[in-house]
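Visitor: Sharing work_34.txt below, compact mmCIF, C-alpha atoms:
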```txt
# COMPACT_ATOMS: atom_id res chain seq x y z
CA MET K 1 201.41 42.47 196.70
CA ASN K 2 200.72 40.56 199.90
CA PHE K 3 197.21 39.98 201.21
CA ASN K 4 196.58 41.79 204.49
CA PRO K 5 193.35 40.54 206.14
CA HIS K 6 193.00 43.66 208.26
CA ILE K 7 193.18 46.00 205.28
CA ALA K 8 190.90 43.72 203.25
CA GLU K 9 188.20 43.74 205.93
CA CYS K 10 188.31 47.52 206.13
CA ARG K 11 188.30 48.11 202.36
CA PHE K 12 186.01 45.33 201.20
CA GLY K 13 183.90 44.68 204.30
CA TYR K 14 182.74 46.79 207.20
CA GLY K 15 185.84 46.69 209.36
CA LEU K 16 187.41 44.23 211.74
CA SER K 17 185.26 42.26 214.14
CA PRO K 18 186.45 41.38 217.63
CA ILE K 19 184.48 38.12 217.38
CA ILE K 20 184.77 36.98 213.76
CA ALA K 21 188.18 36.21 212.31
CA ALA K 22 189.26 38.10 209.21
CA PRO K 23 189.69 36.03 206.03
CA SER K 24 193.11 34.45 205.72
CA GLY K 25 193.34 35.10 202.00
CA LEU K 26 191.67 36.37 198.87
CA THR K 27 190.40 32.89 198.01
CA GLU K 28 188.61 32.58 201.34
CA MET K 29 187.05 36.01 200.87
CA LEU K 30 185.76 35.17 197.38
CA ASP K 31 184.64 31.65 198.35
CA GLY K 32 182.42 33.21 201.00
CA LEU K 33 180.29 34.66 198.22
CA GLN K 34 179.28 31.17 197.09
CA GLU K 35 178.30 29.96 200.56
CA PRO K 36 174.76 30.31 201.91
CA ASP K 37 174.02 33.71 203.39
CA ASP K 38 173.80 32.97 207.12
CA ALA K 39 173.20 36.63 207.97
CA GLN K 40 170.01 36.63 205.88
CA ALA K 41 168.66 33.68 207.83
CA GLN K 42 169.67 35.17 211.16
CA PHE K 43 168.45 38.72 210.43
CA PRO K 44 165.53 38.47 207.98
CA ILE K 45 164.15 41.50 206.21
CA PRO K 46 160.64 41.41 204.72
CA PRO K 47 160.34 42.02 200.99
CA PHE K 48 159.79 45.56 199.74
CA ARG K 49 156.30 44.61 198.55
CA TYR K 50 154.94 45.09 202.08
CA MET K 51 156.04 48.72 202.14
CA GLN K 52 154.74 49.35 198.62
CA ASP K 53 151.31 48.03 199.58
CA ALA K 54 151.22 50.07 202.78
CA LEU K 55 152.17 53.28 200.98
CA ALA K 56 149.55 52.62 198.29
CA ARG K 57 146.90 52.25 201.02
CA ARG K 58 148.13 55.47 202.61
CA ARG K 59 147.78 57.33 199.28
CA ARG K 60 144.20 56.13 198.90
CA TRP K 61 143.25 57.21 202.43
CA SER K 62 145.04 60.53 202.01
CA SER K 63 143.33 61.18 198.67
CA TYR K 64 139.94 60.50 200.23
CA ALA K 65 140.76 62.81 203.16
CA ARG K 66 141.68 65.65 200.78
CA LYS K 67 138.42 65.24 198.84
CA PHE K 68 136.27 65.31 201.99
CA PRO K 69 138.28 67.28 204.59
CA ASP K 70 135.31 68.50 206.65
CA THR K 71 133.42 65.22 206.99
CA ALA K 72 133.80 62.63 209.75
CA GLU K 73 134.84 60.07 207.13
CA GLY K 74 137.47 62.44 205.76
CA LYS K 75 138.92 63.02 209.22
CA GLU K 76 138.95 59.28 209.87
CA ALA K 77 140.69 58.72 206.53
CA GLN K 78 143.33 61.32 207.48
CA LYS K 79 143.89 59.51 210.79
CA LYS K 80 144.26 56.15 209.02
CA SER K 81 146.73 57.73 206.59
CA ARG K 82 148.85 59.04 209.47
CA ASP K 83 148.68 55.70 211.28
CA ILE K 84 149.90 53.84 208.20
CA LEU K 85 152.78 56.27 207.73
CA CYS K 86 153.76 55.91 211.39
CA ALA K 87 153.75 52.09 211.11
CA VAL K 88 155.81 52.19 207.90
CA ARG K 89 158.38 54.46 209.56
CA GLN K 90 158.66 52.08 212.50
CA ASP K 91 159.07 49.13 210.14
CA HIS K 92 161.70 51.07 208.22
CA ASP K 93 163.67 51.63 211.43
CA GLY K 94 163.47 47.92 212.24
CA TRP K 95 164.59 46.94 208.76
CA PHE K 96 167.49 49.37 208.94
CA ALA K 97 168.52 47.81 212.25
CA GLN K 98 168.43 44.36 210.62
CA VAL K 99 170.72 45.62 207.84
CA MET K 100 173.20 46.92 210.40
CA LEU K 101 173.07 43.65 212.34
CA ARG K 102 173.79 41.76 209.12
CA ARG K 103 176.82 43.93 208.46
CA ILE K 104 178.12 43.53 212.00
CA ASN K 105 177.55 39.80 212.43
CA THR K 106 178.21 38.33 209.00
CA ARG K 107 181.15 36.09 208.21
CA THR K 108 181.07 37.38 204.63
CA ALA K 109 181.27 41.16 204.97
CA PHE K 110 182.41 41.36 201.36
CA ARG K 111 178.95 40.11 200.29
CA GLU K 112 177.22 42.80 202.37
CA ARG K 113 179.50 45.43 200.91
CA LEU K 114 178.73 44.29 197.35
CA VAL K 115 174.99 44.32 198.02
CA ALA K 116 175.22 47.86 199.41
CA PHE K 117 177.28 49.01 196.44
CA TRP K 118 174.91 47.63 193.79
CA ALA K 119 171.81 48.78 195.67
CA ASP K 120 173.24 52.30 195.75
CA HIS K 121 174.36 52.09 192.12
CA PHE K 122 170.84 51.37 190.83
CA THR K 123 168.93 53.68 193.17
CA ALA K 124 166.95 56.76 192.32
CA VAL K 125 166.31 59.44 194.91
CA GLY K 126 163.33 58.67 197.15
CA LYS K 127 160.60 60.97 198.40
CA GLY K 128 159.70 62.04 201.90
CA ALA K 129 161.35 60.54 204.93
CA PHE K 130 162.43 57.36 203.19
CA CYS K 131 165.84 56.90 201.72
CA ALA K 132 165.44 54.89 198.55
CA GLN K 133 168.89 53.35 198.92
CA ARG K 134 167.96 51.77 202.24
CA LEU K 135 164.63 50.56 200.95
CA LEU K 136 166.16 48.96 197.89
CA TYR K 137 168.94 47.36 199.91
CA MET K 138 166.51 46.03 202.48
CA SER K 139 164.15 44.71 199.86
CA LYS K 140 166.77 42.48 198.30
CA ASN K 141 165.69 38.89 198.67
CA ARG K 142 169.17 37.46 198.77
```
Can you dump the structure from the file as structure tokens?
Guide:
Amino acid sequence: MNFNPHIAECRFGYGLSPIIAAPSGLTEMLDGLQEPDDAQAQFPIPPFRYMQDALARRRRWSSYARKFPDTAEGKEAQKKSRDILCAVRQDHDGWFAQVMLRRINTRTAFRERLVAFWADHFTAVGKGAFCAQRLLYMSKNR
């Protein structure tokens, strides 16, 4: 079977780019996996630890607010809890944008496709507004 770069980019990457040339062969596609990940350097994504810490702080503030709902401190704790959640959602949107920019601008789309596959493969369902697949994918320190 002959190697077709257009089909390979659609099946094993994220489609053809008008700017980046498709790989000329299977060897070039696989060799790209051993090269440094330029997309990671160009579009960095903070580690997942930041989000874990923020959500832990939110749980503490929320717990305090539920224990003392009618006090000034309880209302302030509820406000801090909402503010943290708002900031985490904004960060999540930014991280998701970085993931998309990686997929669009990488010379090794096969690598991005493999990362997405394995992140999805080992993902449990998340809670709330956060999709665990995206969080896991974005947390990968590749």
Visitor: Atom CA of K:Phe48 and atom CA of K:Met29, how far apart in Å?
Guide: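 So the answer is 28.9 Å.
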Visitor: Please return the centre and edge lengths, in Å to one decimal, of a box with edges along x, y and z that contains all listed atoms of stretch 62-75 of chain K, widened by 6 Å on every side, as lines of an AutoDock Vina configuration file.
Guide:
```
center_x = 139.2
center_y = 64.3
center_z = 204.2
size_x = 23.6
size_y = 20.4
size_z = 23.1
```
Visitor: Can you tell me how far atom CA of K:Gly25 sits from atom CA of K:Arg111, in Å to one decimal?
Guide: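 These two atoms are separated by 15.3 Å.
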Visitor: Ranking K:Phe122, K:Phe43, K:Phe110, K:Phe117 by minimum distance to K:Cys10 and counting only C-alpha atoms, which one comes first?
Guide: K:Phe110
Visitor: Go ahead and compute the interatomic distance for atom CA of K:Arg11 and atom CA of K:Arg113, in Å to one decimal.
Guide: 9.3 Å
Visitor: For a cutoff of 6 Å around the file-coordinate point (145.5, 58.3, 204.1), which residues qualify once you count only C-alpha atoms? I'd like the result as a ChimeraX atom specification.
Guide: /K:58-62,77-78,80-81
Visitor: Could you give me, as a PyMOL selection string, the residues that have an atom at most 6 Å away from the point (180.3, 46.9, 202.7) in the coordinates of the file, using all atoms listed in the file?
Guide: chain K and resi 13-14+112-113
Visitor: Do you know which residues are at most 8 Å from stretch 95-98 of chain K counting only C-alpha atoms, after dropping those on the same chain fewer than 2 positions away, and could you put them as a list in words?
Guide: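 These residues fall inside the cut-off: Phe43, Pro44, Ile45, Pro46, Asp91, His92, Asp93, Met100, Leu101, Arg102, Arg134 and Met138 of chain K.
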